[in-house]
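Just input.txt here, compact mmCIF, C-alpha atoms and all ligand atoms:
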```txt
# COMPACT_ATOMS: atom_id res chain seq x y z
CA MET A 5 15.91 14.70 -9.73
CA MET A 6 15.33 11.44 -11.55
CA GLU A 7 18.34 9.43 -12.62
CA ARG A 8 18.82 8.21 -16.16
CA ARG A 9 16.68 5.28 -17.27
CA THR A 10 18.14 1.84 -16.60
CA THR A 11 16.59 -1.60 -16.74
CA GLY A 12 15.20 -3.11 -13.55
CA TRP A 13 12.92 -6.00 -12.77
CA ALA A 14 9.52 -6.79 -11.38
CA PRO A 15 8.75 -9.79 -9.17
CA ARG A 16 7.93 -13.02 -10.95
CA GLU A 17 6.84 -15.04 -7.94
CA GLU A 18 3.09 -14.85 -8.40
CA THR A 19 1.83 -15.24 -11.93
CA VAL A 20 -1.29 -13.21 -12.53
CA SER A 21 -3.58 -15.45 -14.47
CA HIS A 22 -4.58 -13.17 -17.37
CA PRO A 23 -2.63 -10.39 -19.01
CA GLY A 24 -4.20 -6.97 -18.55
CA ARG A 25 -5.46 -5.00 -21.55
CA CYS A 26 -5.31 -1.27 -21.92
CA GLY A 27 -6.94 0.41 -24.92
CA ASN A 28 -5.57 -1.20 -28.05
CA LYS A 29 -2.11 -1.82 -26.62
CA LYS A 30 -0.53 -5.25 -26.55
CA PRO A 31 -1.65 -7.23 -23.49
CA ARG A 32 0.91 -7.16 -20.68
CA ARG A 33 1.48 -9.35 -17.68
CA SER A 34 1.77 -7.68 -14.30
CA THR A 35 4.84 -9.83 -13.79
CA GLU A 36 6.82 -8.64 -16.82
CA PRO A 37 10.24 -7.14 -16.18
CA CYS A 38 9.91 -3.40 -15.72
CA LYS A 39 12.09 -0.51 -16.74
CA THR A 40 12.75 1.85 -13.90
CA MET A 41 14.50 5.15 -13.38
CA GLY A 42 17.69 4.39 -11.46
CA LYS A 43 18.84 1.27 -9.67
CA ASP A 44 16.41 1.47 -6.81
CA VAL A 45 13.78 -0.96 -8.05
CA ASN A 46 12.56 -1.73 -4.54
CA GLY A 47 11.52 1.85 -3.91
CA GLY A 48 13.57 2.11 -0.70
CA GLU A 49 15.69 5.06 -1.82
CA TYR A 50 12.72 6.57 -3.60
CA PHE A 51 10.62 6.79 -0.43
CA GLU A 52 13.58 8.07 1.59
CA ARG A 53 13.91 10.88 -0.96
CA VAL A 54 10.24 11.84 -1.34
CA ALA A 55 9.27 11.57 2.34
CA PRO A 56 9.35 15.34 3.07
CA GLN A 57 7.05 16.01 0.07
CA TRP A 58 4.89 12.90 0.41
CA ASP A 59 1.83 14.61 1.89
CA GLN A 60 1.64 17.08 -1.00
CA MET A 61 2.25 14.32 -3.56
CA ARG A 62 -0.42 12.12 -2.04
CA GLN A 63 -3.02 14.88 -2.17
CA ARG A 64 -2.60 14.94 -5.95
CA PHE A 65 -3.00 11.14 -6.21
CA PHE A 66 -6.28 10.64 -4.27
CA SER A 67 -8.59 12.35 -1.80
CA GLU A 68 -9.28 11.94 1.92
CA ASN A 69 -12.45 10.11 0.97
CA VAL A 70 -10.30 6.97 0.62
CA ARG A 71 -9.60 6.80 4.34
CA ALA A 72 -13.22 7.60 5.22
CA VAL A 73 -14.27 4.49 3.25
CA VAL A 74 -11.52 2.47 4.97
CA TYR A 75 -12.68 3.40 8.51
CA ASP A 76 -16.33 2.70 7.60
CA THR A 77 -15.49 -0.70 6.13
CA ALA A 78 -13.54 -1.67 9.25
CA ASN A 79 -16.17 -0.15 11.56
CA VAL A 80 -13.34 1.19 13.74
CA GLN A 81 -14.01 1.51 17.46
CA PRO A 82 -12.23 3.85 19.90
CA GLY A 83 -9.82 2.23 22.35
CA LYS A 84 -8.80 -0.51 19.91
CA LEU A 85 -5.29 -1.16 18.61
CA ALA A 86 -4.61 -0.90 14.86
CA ALA A 87 -1.57 -1.54 12.67
CA ASP A 88 -0.97 0.78 9.70
CA ILE A 89 1.40 -1.12 7.41
CA GLY A 90 3.40 0.90 4.87
CA ALA A 91 2.17 3.82 6.94
CA GLY A 92 4.24 6.44 5.12
CA THR A 93 3.68 9.83 6.72
CA GLY A 94 0.50 8.61 8.42
CA PHE A 95 -2.45 9.15 6.07
CA ILE A 96 -4.40 6.25 7.64
CA THR A 97 -2.81 6.66 11.10
CA GLU A 98 -4.00 10.25 11.40
CA GLY A 99 -7.72 9.44 11.17
CA LEU A 100 -7.35 6.47 13.50
CA LEU A 101 -5.75 8.65 16.17
CA ARG A 102 -8.55 11.19 15.76
CA LYS A 103 -11.06 8.39 16.25
CA GLY A 104 -9.44 7.36 19.53
CA LEU A 105 -7.53 4.25 18.44
CA ARG A 106 -3.92 3.40 19.26
CA VAL A 107 -1.73 2.73 16.24
CA ILE A 108 1.40 0.75 15.45
CA ALA A 109 2.77 2.44 12.31
CA VAL A 110 5.15 0.22 10.33
CA ASP A 111 7.25 1.29 7.36
CA LEU A 112 10.44 0.28 5.61
CA SER A 113 11.48 3.92 5.23
CA GLU A 114 13.01 5.66 8.22
CA ALA A 115 12.48 9.01 6.49
CA MET A 116 8.73 8.34 6.16
CA LEU A 117 8.53 7.33 9.83
CA GLU A 118 10.44 10.47 10.79
CA GLU A 119 7.83 12.61 9.01
CA LEU A 120 5.08 10.65 10.77
CA ARG A 121 6.76 11.19 14.16
CA LYS A 122 7.05 14.93 13.50
CA LYS A 123 3.28 15.10 13.01
CA PHE A 124 2.03 12.64 15.61
CA GLY A 125 5.00 12.01 17.93
CA ASP A 126 3.26 13.92 20.71
CA PHE A 127 0.47 11.35 20.72
CA ASN A 128 1.33 8.56 23.14
CA ALA A 129 -1.07 6.52 21.08
CA VAL A 130 1.29 6.00 18.13
CA ASP A 131 4.16 3.55 18.10
CA CYS A 132 6.44 3.83 15.02
CA ARG A 133 8.33 0.70 13.99
CA ALA A 134 10.72 0.22 11.09
CA GLY A 135 9.93 -3.06 9.43
CA GLU A 136 9.46 -5.04 6.26
CA SER A 137 6.40 -6.70 4.70
CA ALA A 138 7.69 -10.27 5.07
CA HIS A 139 8.55 -9.91 8.79
CA LEU A 140 6.32 -7.34 10.44
CA PRO A 141 7.72 -6.14 13.79
CA ILE A 142 4.47 -7.02 15.60
CA ALA A 143 3.69 -10.06 17.76
CA ASP A 144 1.17 -12.73 16.74
CA ALA A 145 -2.50 -11.84 17.30
CA ALA A 146 -1.59 -8.43 18.75
CA VAL A 147 -3.90 -5.98 16.94
CA ASP A 148 -7.62 -5.49 16.33
CA TYR A 149 -7.25 -4.06 12.81
CA VAL A 150 -4.64 -4.07 10.07
CA PHE A 151 -4.71 -1.32 7.44
CA ALA A 152 -2.54 -0.81 4.38
CA ASN A 153 -3.16 1.97 1.89
CA MET A 154 -1.22 1.97 -1.42
CA TYR A 155 1.34 -0.41 0.05
CA LEU A 156 0.62 -3.78 -1.56
CA HIS A 157 1.75 -2.74 -5.05
CA HIS A 158 5.19 -1.94 -3.61
CA VAL A 159 5.88 -5.27 -1.90
CA GLU A 160 7.74 -8.13 -3.52
CA LYS A 161 5.30 -10.90 -2.58
CA PRO A 162 1.75 -9.66 -1.95
CA SER A 163 0.48 -13.07 -0.78
CA ASP A 164 3.25 -13.27 1.85
CA ALA A 165 2.46 -9.70 2.93
CA LEU A 166 -1.19 -10.72 3.43
CA ARG A 167 -0.16 -13.75 5.47
CA GLU A 168 1.92 -11.51 7.76
CA MET A 169 -1.02 -9.15 8.22
CA ALA A 170 -3.25 -12.09 9.15
CA ARG A 171 -0.60 -13.35 11.62
CA VAL A 172 -0.54 -10.12 13.64
CA LEU A 173 -4.36 -9.86 13.73
CA ARG A 174 -6.27 -11.18 16.71
CA THR A 175 -9.21 -13.54 16.17
CA GLY A 176 -12.25 -11.44 15.29
CA GLY A 177 -10.08 -8.61 13.92
CA LYS A 178 -10.21 -7.12 10.41
CA VAL A 179 -7.73 -6.47 7.62
CA VAL A 180 -8.65 -3.62 5.25
CA ILE A 181 -6.48 -2.83 2.25
CA THR A 182 -6.86 -0.12 -0.37
CA ASP A 183 -4.80 -0.35 -3.54
CA LEU A 184 -4.78 -0.05 -7.31
CA ASP A 185 -6.77 -2.04 -9.83
CA GLU A 186 -4.76 -3.65 -12.59
CA HIS A 187 -3.50 -1.03 -15.08
CA CYS A 188 -1.03 -0.58 -17.91
CA HIS A 189 0.68 2.71 -17.03
CA GLU A 190 4.34 1.76 -17.15
CA PHE A 191 5.38 5.25 -16.00
CA LEU A 192 3.99 4.51 -12.53
CA ARG A 193 6.67 1.84 -12.15
CA ALA A 194 9.36 3.94 -13.80
CA GLU A 195 8.69 7.18 -11.94
CA HIS A 196 7.00 6.10 -8.69
CA HIS A 197 8.79 2.79 -8.18
CA ASP A 198 5.63 0.67 -8.15
CA ARG A 199 6.52 -3.03 -8.30
CA TRP A 200 3.08 -4.21 -9.43
CA MET A 201 0.89 -2.63 -12.08
CA GLY A 202 -2.10 -2.91 -9.80
CA PHE A 203 -3.98 -6.14 -9.13
CA LYS A 204 -6.88 -8.20 -10.35
CA ARG A 205 -9.51 -8.12 -7.62
CA GLU A 206 -9.97 -11.88 -7.81
CA ASP A 207 -6.25 -12.41 -7.11
CA VAL A 208 -6.50 -10.16 -4.06
CA ARG A 209 -9.56 -12.02 -2.79
CA LEU A 210 -7.76 -15.34 -3.17
CA TRP A 211 -4.71 -14.00 -1.26
CA PHE A 212 -7.03 -13.04 1.60
CA GLU A 213 -8.49 -16.55 1.64
CA LYS A 214 -5.04 -18.14 1.40
CA ALA A 215 -4.01 -16.08 4.43
CA GLY A 216 -6.90 -17.62 6.39
CA LEU A 217 -9.11 -14.52 6.36
CA ARG A 218 -12.89 -15.07 6.23
CA ASN A 219 -15.59 -13.11 4.40
CA ALA A 220 -13.06 -11.70 1.95
CA ARG A 221 -14.59 -8.98 -0.22
CA VAL A 222 -13.11 -6.64 -2.80
CA ASP A 223 -15.12 -3.58 -3.87
CA CYS A 224 -14.66 -0.13 -5.44
CA VAL A 225 -13.65 2.75 -3.22
CA GLY A 226 -15.43 5.02 -5.69
CA GLU A 227 -12.53 7.11 -6.85
CA ASN A 228 -9.42 6.89 -9.02
CA CYS A 229 -5.78 7.37 -8.20
CA CYS A 230 -4.57 10.05 -10.62
CA ALA A 231 -1.03 10.80 -11.74
CA THR A 232 0.72 12.54 -14.61
CA SER A 233 4.13 11.54 -15.88
CA GLY A 234 6.90 14.05 -15.29
CA PHE A 235 8.55 12.76 -18.49
CA GLY A 236 5.71 13.14 -20.99
CA ALA A 237 4.50 9.53 -20.69
CA GLY A 238 0.87 10.57 -20.26
CA SER A 239 -1.54 10.48 -17.33
CA ALA A 240 -3.25 7.75 -15.40
CA ALA A 241 -6.60 7.49 -13.61
CA VAL A 242 -6.57 4.05 -12.01
CA GLY A 243 -9.47 2.57 -10.03
CA ILE A 244 -8.91 2.06 -6.29
CA PHE A 245 -10.26 -1.11 -4.69
CA ILE A 246 -10.97 -1.80 -1.05
CA ALA A 247 -10.39 -5.37 0.16
CA SER A 248 -11.44 -6.62 3.58
CA GLY A 249 -11.46 -9.84 5.54
CA GLU A 250 -11.82 -11.13 9.10
CA LYS A 251 -9.81 -13.55 11.18
C1 LIG B 301 2.73 4.75 -1.69
S1 LIG B 301 3.35 4.89 -0.06
C2 LIG B 301 1.84 4.92 0.88
C3 LIG B 301 2.03 5.54 2.24
C4 LIG B 301 0.75 5.69 3.06
N1 LIG B 301 0.13 4.42 3.33
C5 LIG B 301 -0.22 6.64 2.40
O1 LIG B 301 -1.33 6.23 2.05
O2 LIG B 301 0.12 7.82 2.22
C6 LIG B 301 3.97 3.25 0.25
C7 LIG B 301 4.69 3.11 1.57
O3 LIG B 301 5.00 1.73 1.78
C8 LIG B 301 6.33 1.63 2.25
N2 LIG B 301 6.85 0.33 1.81
C9 LIG B 301 7.13 -0.05 0.55
N3 LIG B 301 7.54 -1.33 0.53
C10 LIG B 301 7.51 -1.76 1.81
C11 LIG B 301 7.84 -3.01 2.44
N4 LIG B 301 8.25 -4.04 1.72
N5 LIG B 301 7.69 -3.11 3.78
C12 LIG B 301 7.26 -2.04 4.51
N6 LIG B 301 6.94 -0.84 3.97
C13 LIG B 301 7.08 -0.70 2.65
C14 LIG B 301 7.08 2.80 1.64
O4 LIG B 301 8.24 3.14 2.35
C15 LIG B 301 6.00 3.87 1.66
O5 LIG B 301 6.03 4.64 2.82
```

Take the structure in this file and express it as structure tokens.
Ligand SMILES: C[S@@+](CC[C@H](N)C(=O)[O-])C[C@H]1O[C@@H](n2cnc3c(N)ncnc32)[C@H](O)[C@@H]1O
Amino acid sequence: MMERRTTGWAPREETVSHPGRCGNKKPRRSTEPCKTMGKDVNGGEYFERVAPQWDQMRQRFFSENVRAVVYDTANVQPGKLAADIGAGTGFITEGLLRKGLRVIAVDLSEAMLEELRKKFGDFNAVDCRAGESAHLPIADAAVDYVFANMYLHHVEKPSDALREMARVLRTGGKVVITDLDEHCHEFLRAEHHDRWMGFKREDVRLWFEKAGLRNARVDCVGENCCATSGFGAGSAAVGIFIASGEK
């Protein structure tokens, strides 16, 4: 159950250049303080709690087409080593294993990793590591691909998270991220512990470049992430972008 509403905060580190607009509502900055249900503004407790139901929740948010677009964009090859950052219960990991890659699955939440292990623990090809966006538990230049689906809007400093992803990538490797376009649905922060109300694609492209990644591109995945408030705050259908770059 959700706790009573209390006031939390959103990160202020990276100012998004223009406030987002939504319908005729007042423009908002992605960096404004947020109100959140409960004290857990970082989402840590939230993901511990929802881990056993995450697969069912995720199926209501977006379809499996998202990962098909991710694998195509990365042009994944069997035998390669990938990192799935903010892996959750293994939405991206699962397809990579099926395609014959080895995967290092990293997540802050032990409960999420436990669910992932239950599903894929029998595969020698998956290595689960508890870790945090700012200090990924992976050596420099260790992996051929880095993936992160619906992770960036939960981290405190997206540009630092990108720099870490670039650090662990070998030269010639690819980073592919799927996440939310900028939106104004406050309930996603309040009820799903999002830190960022999506991103401007140009900001994401610049973070890729700042991280030293070449050929940075940000495109549409071609579907929306859909959610309905459990507290009568409406519904959201937010565009999903796919961002990629090479080292
Ligand atoms: C919205 S879920 C997405 C999970 C999975 N990628 C998927 O598509 O189903 C976000 C995941 O990122 C993890 N996460 C959030 N903040 C993180 C951080 N700072 N470092 C590492 N993992 C984090 C959460 O524990 C959660 O499993």

Give me, as a PyMOL selection string, the set of residues whose atoms come within 6 Å of any atom of ligand LIG 301 (chain B), counting only C-alpha atoms and all ligand atoms.
chain A and resi 51+90-92+95+111-113+116+135-137+152-155+158-159

Between A:Gly48, A:Gly202, A:Pro56, A:Gly216, which one has atoms that come closest to A:His189, using all atoms listed in the file?
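Once distances to A:His189 are computed over all atoms listed in the file, the minimum belongs to A:Gly202.
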
What is the distance between atom CA of A:Asp76 and atom CA of A:Ala146, in Å to one decimal?
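Computing it gives 21.6 Å between the two atoms.
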
Taking all atoms listed in the file into account, name the residue in A:Pro162, A:Arg121, A:His196, A:Leu173 that is nearest to A:Glu49.
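Among the listed residues, the smallest separation from A:Glu49 belongs to A:His196.
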
May I have the residues within 10 Å of stretch 207-209 of chain A as a list of chain:residue names, using all atoms listed in the file and disregarding those fewer than 6 positions away in the same chain?
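Within the cut-off, the hits are A:Glu18, A:Thr19, A:Val20, A:Ser21, A:Leu156, A:Pro162, A:Ser163, A:Leu166, A:Ile181, A:Asp183, A:Asp185, A:Ala215, A:Leu217, A:Asn219, A:Ala220, A:Arg221, A:Val222, A:Phe245, A:Ile246, A:Ala247, A:Ser248, A:Gly249.
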
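With only C-alpha atoms taken into account, every residue lying no more than 6 Å from the file point (2.4, -3.7, -10.8) is included here: A:Ser34, A:His157, A:Arg199, A:Trp200, A:Met201, A:Gly202.
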
Would you mind listing what lies within 9 Å of A:Ala145 as a PyMOL selection string, with all atoms listed in the file counted and same-chain residues fewer than 3 positions away left out?
chain A and resi 142+148+170-175+177

May I have the residues within 10 Å of stretch 81-83 of chain A as a list in words, using all atoms listed in the file and disregarding those fewer than 5 positions away in the same chain?
Tyr75, Leu100, Leu101, Arg102, Lys103, Gly104, Leu105, Arg106, Ala129, Asp148 and Tyr149 of chain A

Take the residues just selected and output them with C-alpha atoms as a PDB file, in the coordinates of the input.
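What follows is the written file out_22.pdb:
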```
ATOM      1  CA  TYR A  75     -12.680   3.400   8.510  1.00  0.00           C
ATOM      2  CA  LEU A 100      -7.350   6.470  13.500  1.00  0.00           C
ATOM      3  CA  LEU A 101      -5.750   8.650  16.170  1.00  0.00           C
ATOM      4  CA  ARG A 102      -8.550  11.190  15.760  1.00  0.00           C
ATOM      5  CA  LYS A 103     -11.060   8.390  16.250  1.00  0.00           C
ATOM      6  CA  GLY A 104      -9.440   7.360  19.530  1.00  0.00           C
ATOM      7  CA  LEU A 105      -7.530   4.250  18.440  1.00  0.00           C
ATOM      8  CA  ARG A 106      -3.920   3.400  19.260  1.00  0.00           C
ATOM      9  CA  ALA A 129      -1.070   6.520  21.080  1.00  0.00           C
ATOM     10  CA  ASP A 148      -7.620  -5.490  16.330  1.00  0.00           C
ATOM     11  CA  TYR A 149      -7.250  -4.060  12.810  1.00  0.00           C
TER      12      TYR A 149
END
```

What is the atom CA of A:Gly176-atom CA of A:Glu160 distance in Å, reported with one decimal?
27.6 Å

Hey, what's within 10 Å of A:Gly243 if we count all atoms listed in the file and toss same-chain stuff fewer than 2 positions away? As a list in words, please?
Asp183, Leu184, Asp185, Glu186, His187, Gly202, Cys224, Val225, Gly226, Glu227, Asn228, Cys229, Cys230, Ala240, Ala241 and Phe245 of chain A

Shortest interatomic distance to A:Lys204 - which of A:Glu168, A:Ala87, A:Ala109, A:Ile244, counting all atoms listed in the file:
A:Ile244

Could you work out how far atom CA of A:Leu117 lies from atom CA of A:Trp58, giving the answer in Å with one decimal?
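Computing the Euclidean distance for atom CA of A:Trp58 and atom CA of A:Leu117 yields 11.5 Å.
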
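Comparing the minimum interatomic distances between A:Arg133 and each of A:Ile108, A:Ala115, A:Ile96, A:Leu192, counting all atoms listed in the file, we find that A:Ile108 sits nearest.
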
Using only C-alpha atoms: which of A:Thr93, A:Val107, A:Lys251, A:Val242 has the shortest distance to A:Arg62
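So, comparing all the options, the nearest one is A:Thr93.
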
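If all atoms listed in the file are the atoms counted, then among A:Phe65, A:Met169, A:Ala72, A:Asp126 the closest residue to A:Ser239 is A:Phe65.
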